[in-house]
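Enquirer: Here it is, the structure, as structure tokens.
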Amino acid sequence: MEDLPEQKGLNESEAKQLQVKFGFNELPSAAPKSIWKIIVGVLKEPMFILLVGCGALYFVLGDPREGIMLFSSVTIIIAITFYQEKKTERALEALRDLSSPRALVIREGVTKRIAGREVVPGDVLILREGDRVAADAVVLLQTNLVTDESLLTGESVPVRKSNWDRKQEFGPPQGEDIPFVYSGTLIVRGNGLARVVKTGTSTFIGKIGRSLKETQDEPALLKAETRKIIRIFTITGFSLSATLVLVFGFIRHDWMGGVLEGISLAMAMLPEEFAVVLTIFMALGAWRMSRRNVLTRNPASIETLGSVTVLCADKTGTLTENRMKVKKMFADGKMWDDENGNGQAAQVFTELLHVARLASQQTVFDPMERAIADAQLQDGKSGAGDEGFVREYELSPALFAMTRVYRAAGKESFFAAAKGAPEAILSLCRVNAEERENILAQVNGFAKQGLRVLAVARAEWKEKELPHAQKDFLFRFCGLLGFEDPLRKGVRENLQMCYDAGIRVIMITGDYPETAMHVAEKMGLKNADRVITGAAMEKMSDAQLGEDVRSVNVFARVVPEQKLRLVNALKANGEIVGMTGDGVNDAPALKSAHIGIAMGQRGTDVAREAADIVLLNDDFDSVIEAVRTGRSIYENIRKAMGYVFAVHIPIAGLAMLPVLFPSFPMILFPLHIAFLELIIDPASSLIFEAE
């Protein structure tokens with residue numbers, strides 16, 4: 001990388017030259033497919049040819065009503081195809097809007113706000129709380145800078161940033177204290193300056209956009225099977241019809257009668273009701289699923305949902321509640337666990353929560369601070385407020401702890417409340433070796449259970465002037481807080497239902513391997529002790545990944561491209577893959593999977609547009625219910641298809657009798673067959689579906 005730029009930033013001339021070189025900082029908008037291109041694509045489908053041919057025959061034979069019905073099916077097929085094309089375009093538009101926020105930059109030493117699309121490599125961004133980052137950049141200077149990168153990683157816990165050392169190469173999001181910020185992510189705390197290094201499609205969110213654009217929708221299995229059956233029926237039907245015309249003409253010397261018999265046999269053999277039956281069953285199935293909080297964006301995906309053999313579930317928000325909760329507390333040699341009762345805690349823990357709340361911001365954004373406030377309310381106590389607040393000592397790379405100082409009404413002394421990483425708080429408390437060892441043992445115990453740990457301390461200050469640094473206070477250690485993202489209610493039971501139904505579940509997360517394995521073990525996931533990380537996947541060949549993915553069910557520290565690669569490896573193994581997700585990072589995998597399942601409440605527009613199914617209540621329960629309904633609908637379709645075949649066989653037999661037995665008259669003319677199929681098939685299929 002080059003040396004740090006001057007803080008006066010680029011001048012307008014340099015910015016224009018760089019914009020010509022690198023282009024606008026936005027995702028390219030693909031030219032939308034015209035209606036004519038879509039129609040041409042539909043023309044190649046055997047189902048379309050079949051419907052058009054049968055509809056034309058009905059018009060020729062004087063039955064316009066049936067012909068109109070079949071041509072209406074053609075219109076429906078074109079409309080569904082057009083909708084699918086527009087869905088992909090909308091997904092890219094949503095991603096493009098998200099990736100191009102307004103940006104505050106320094107140019108020629110002047111601070112100015114410009115459109116995100118005008119940012120170029122070399123620009124110096126001013127990062128402030130509440131802003132979205134306009135491009136991928138290295139952090140030059142920062143004060144307590146914390147960003148929410150769930151957009152890219154899927155993990156809701158914000159991460160700290162550090163200053164760039166001028167040596168570290170720019171890389172992907174990978175945890176705390178990385179000196180890089182990424183386009184589309186949110187600044188949740190602090191401020192800083194960052195130099196832009198990547199814009200447009202070169203950014204990490206841009207790579208997701210490219211991947212989404214290049215990923216092909218997985219065709220519905222039922223559509224592929226139906227296409228194969230129709231092709232067989234069409235070839236067989238027309239071959240037999242041509243043979244029948246020739247035989248009838250040569251034997252009876254009645255070529256007009258032979259043509260009518262041939263048309264009758266063709267109509268008897270061609271299952272033109274397939275389109276009607278499929279449309280009705282899918283529409284009714286989608287309506288039934290909507291009553292269970294499942295929105296079907298692609299009706300044909302309902303059958304695929306019932307065929308799923310592997311379900312890839314995103315940990316955060318799908319299997320867990322996507323919120324931090326105080327799970328355990330340690331203070332004064334005592335341990336509190338929320339599983340032992342959610343009532344009021346002992347006095348020592350009430351004091352611990354009070355001090356932790358005082359060490360937090362009054363307006364809560366940080367998930368851990370929100371969990372502290374919730375735990376305090378659950379304990380029957382009110383929030384801290386900012387009454388008497390004097391000063392805040394911010395967290396820094398040298399000391400991962402923050403302190404807020406208060407002055408009580410009517411008192412000259414100060415009260416300081418601190419929270420942060422256990423090692424940092426212990427260094428402030430100056431505890432003896434034995435006490436330190438005991439506390440760190442508790443910290444390790446919390447970590448092994450997949451908990452995120454904060455330590456809390458308090459201090460009194462009786463001098464008139466506050467010290468310059470946190471380390472000057474004489475802190476007293478208060479205790480430890482262990483946080484977890486709790487499992488959703490009923491996840492263990494739903495997981496067992498998946499196993500009973502022959503569906504394997506794979507957990508994918510951007511979290512740490514230890515946390516992922518603990519959650520997997522707690523929910524009862526098979527092979528929870530085996531995990532593959534994103535770094536390990538990076539070194540694997542496709543063949544090795546395909547082999548390992550047969551038995552490993554936990555994937556941790558995974559980036560978006562690896563989610564897509566994982567889905568493709570499962571597909572290559574012959575699995576029917578369902579994928580759940582909610583973030584931008586999930587969109588390519590959602591689109592590539594046989595069935596993409598997005599979250600409706602917290603899911604991004606990009607994820608919803610890329611998915612086939614949207615869960616309106618974000619509940620894993622709904623995934624299981626949707627699979628059950630999909631299997632029921634598939635079974636109904638299978639029975640209906642069997643019935644359609646059963647109807648066609650005797651009709652075809654009656655059409656062939658005059659050829660096989662010359663003394664027999666023509667029993668069924670085309671009009672008769674049209675009448676039989678119009679009355680028997682659609683009406684009876686509707687009744688079967690209702691039953």
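Every chain in the structure tokens has a letter given in the order shown (A, B, ...), and although residue numbers restart at 1 in each chain, ligands are simply numbered from 1 in the order shown.
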With a distance cut-off of 6 Å and only C-alpha atoms, select the neighbouring residues of range 496-504 of chain A, excluding the residue or stretch itself and same-chain residues fewer than 2 positions from it, and output the selection as a VMD selection string.

Expert: chain A and resid 309 to 310 493 to 494

Enquirer: Only N, CA, C and O atoms, please: the residues just picked out, written as a tab-separated table (two decimals), in the first residue's frame.

Expert:
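again09.tsv, written as the output of this step:
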```
chain	number	residue	atom	x	y	z
A	309	THR	N	-33.35	-32.23	1.22
A	309	THR	CA	-32.62	-33.26	1.97
A	309	THR	C	-31.62	-32.65	2.95
A	309	THR	O	-31.24	-33.28	3.93
A	310	VAL	N	-31.16	-31.41	2.64
A	310	VAL	CA	-30.22	-30.71	3.52
A	310	VAL	C	-30.71	-29.29	3.73
A	310	VAL	O	-31.06	-28.60	2.76
A	493	GLU	N	-36.55	-29.24	19.49
A	493	GLU	CA	-37.66	-30.08	19.02
A	493	GLU	C	-37.77	-30.03	17.50
A	493	GLU	O	-37.98	-31.07	16.85
A	494	ASN	N	-37.60	-28.83	16.92
A	494	ASN	CA	-37.69	-28.70	15.47
A	494	ASN	C	-36.53	-29.43	14.77
A	494	ASN	O	-36.72	-30.01	13.69
```

Enquirer: Could you give me, as a PDB file with C-alpha atoms, in the first residue's frame, the residues within 7 Å of range 476-486 of chain A, counting only C-alpha atoms and dropping anything in the same chain fewer than 2 positions from it?

Expert:
```pdb
ATOM      1  CA  THR A 320     -30.847 -18.048  17.890  1.00  0.00           C
ATOM      2  CA  GLU A 321     -32.867 -14.966  18.828  1.00  0.00           C
ATOM      3  CA  ASN A 322     -30.329 -12.452  17.416  1.00  0.00           C
ATOM      4  CA  ARG A 323     -30.108 -10.552  20.695  1.00  0.00           C
ATOM      5  CA  MET A 324     -27.601 -10.604  23.525  1.00  0.00           C
ATOM      6  CA  LYS A 325     -28.773 -11.752  26.944  1.00  0.00           C
ATOM      7  CA  VAL A 326     -27.017 -11.931  30.336  1.00  0.00           C
ATOM      8  CA  LYS A 327     -26.675 -15.685  30.784  1.00  0.00           C
ATOM      9  CA  LYS A 328     -24.321 -15.893  33.782  1.00  0.00           C
ATOM     10  CA  MET A 329     -22.877 -13.595  36.442  1.00  0.00           C
ATOM     11  CA  PHE A 330     -19.954 -14.103  38.811  1.00  0.00           C
ATOM     12  CA  ALA A 331     -19.415 -11.855  41.844  1.00  0.00           C
ATOM     13  CA  LEU A 352     -22.986  -5.771  39.692  1.00  0.00           C
ATOM     14  CA  CYS A 429      -8.024  -3.311  39.747  1.00  0.00           C
ATOM     15  CA  PHE A 446     -17.560 -18.718  30.489  1.00  0.00           C
ATOM     16  CA  LEU A 451     -20.302 -16.783  26.232  1.00  0.00           C
ATOM     17  CA  ARG A 452     -18.940 -13.320  25.553  1.00  0.00           C
ATOM     18  CA  VAL A 453     -17.460 -11.940  28.772  1.00  0.00           C
ATOM     19  CA  LEU A 454     -17.356  -8.447  30.272  1.00  0.00           C
ATOM     20  CA  ALA A 455     -15.717  -7.545  33.578  1.00  0.00           C
ATOM     21  CA  VAL A 456     -17.032  -4.724  35.785  1.00  0.00           C
ATOM     22  CA  ALA A 457     -15.265  -2.542  38.393  1.00  0.00           C
ATOM     23  CA  ARG A 458     -16.029   0.512  40.538  1.00  0.00           C
ATOM     24  CA  ALA A 459     -13.986   3.229  42.235  1.00  0.00           C
ATOM     25  CA  LEU A 474      -8.207   2.730  42.518  1.00  0.00           C
ATOM     26  CA  ARG A 488     -34.953 -19.789  19.814  1.00  0.00           C
TER      27      ARG A 488
END
```

Enquirer: Tell me, as number ranges by chain, which residues lie within 10 Å of range 540-553 of chain A, counting only C-alpha atoms; anything in the same chain fewer than 6 positions away does not count.

Expert: A: 312, 504-508, 517, 520, 525-532, 534, 565-573, 575

Enquirer: Taking only C-alpha atoms into account, name the residue in A:Leu426, A:Ala516, A:Leu487, A:Ala416 that is nearest to Leu466 in chain A.

Expert: A:Ala416

Enquirer: Would you pick out the contacts of range 100-110 of chain A at 6 Å or less, using only C-alpha atoms, so that residues sharing its chain but fewer than 3 positions from it are not included, and give the list as a list in words?

Expert: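 These residues fall inside the cut-off: Lys8, Gly9, Leu10, Asn11, Asp97, Arg113, Ile114, Ala115, Gly116, Arg117, Val124, Leu125, Ile126 and Ala134 of chain A.
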
Enquirer: Could you turn the residues from that selection into a file that holds C-alpha atoms, as a CSV table (one decimal), in the first residue's frame?

Expert:
```csv
chain,number,residue,atom,x,y,z
A,8,LYS,CA,-6.4,17.7,3.2
A,9,GLY,CA,-7.5,14.9,0.9
A,10,LEU,CA,-7.7,14.9,-2.9
A,11,ASN,CA,-8.3,18.0,-5.0
A,97,ASP,CA,-29.1,1.4,-3.2
A,113,ARG,CA,-20.8,15.9,1.7
A,114,ILE,CA,-21.0,14.2,-1.7
A,115,ALA,CA,-23.1,11.4,-3.3
A,116,GLY,CA,-21.7,8.0,-2.5
A,117,ARG,CA,-21.3,7.2,-6.2
A,124,VAL,CA,-10.5,10.6,2.9
A,125,LEU,CA,-13.8,9.7,4.5
A,126,ILE,CA,-14.9,11.2,7.8
A,134,ALA,CA,-19.4,4.6,1.5
```

Enquirer: Using DSSP on the backbone coordinates, identify the residues of range 556-647 of chain A assigned to strand (DSSP E); present them as a list in words.

Expert: Ala556, Val577, Gly578, Met579, Thr580, Gly581, Ile595, Gly596, Ile597, Ala598, Met599, Ile613, Val614 and Leu615 of chain A

Enquirer: Rank A:Ile576, A:Gln142, A:Val584, A:Val20 by their smallest atom-to-atom distance to Ser307 in chain A, using only C-alpha atoms, and report the top residue only.

Expert: A:Ile576

Enquirer: So which residues touch Gly581 in chain A within 8 Å, counting only C-alpha atoms, skipping near sequence neighbours fewer than 6 positions away, as a PyMOL selection string?

Expert: chain A and resi 313-314+318+587+590+596-599+603+607

Enquirer: Find, counting only C-alpha atoms, the residue in A:Thr509, A:Gln442, A:Thr304, A:Ser396 that gets nearest to Arg628 in chain A.

Expert: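 Nearest to Arg628 in chain A: A:Thr304.
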
Enquirer: If I take CA of Gly122 in chain A and CA of Pro172 in chain A, how far is one from the other in Å, to one decimal?

Expert: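 It comes out at 19.1 Å.
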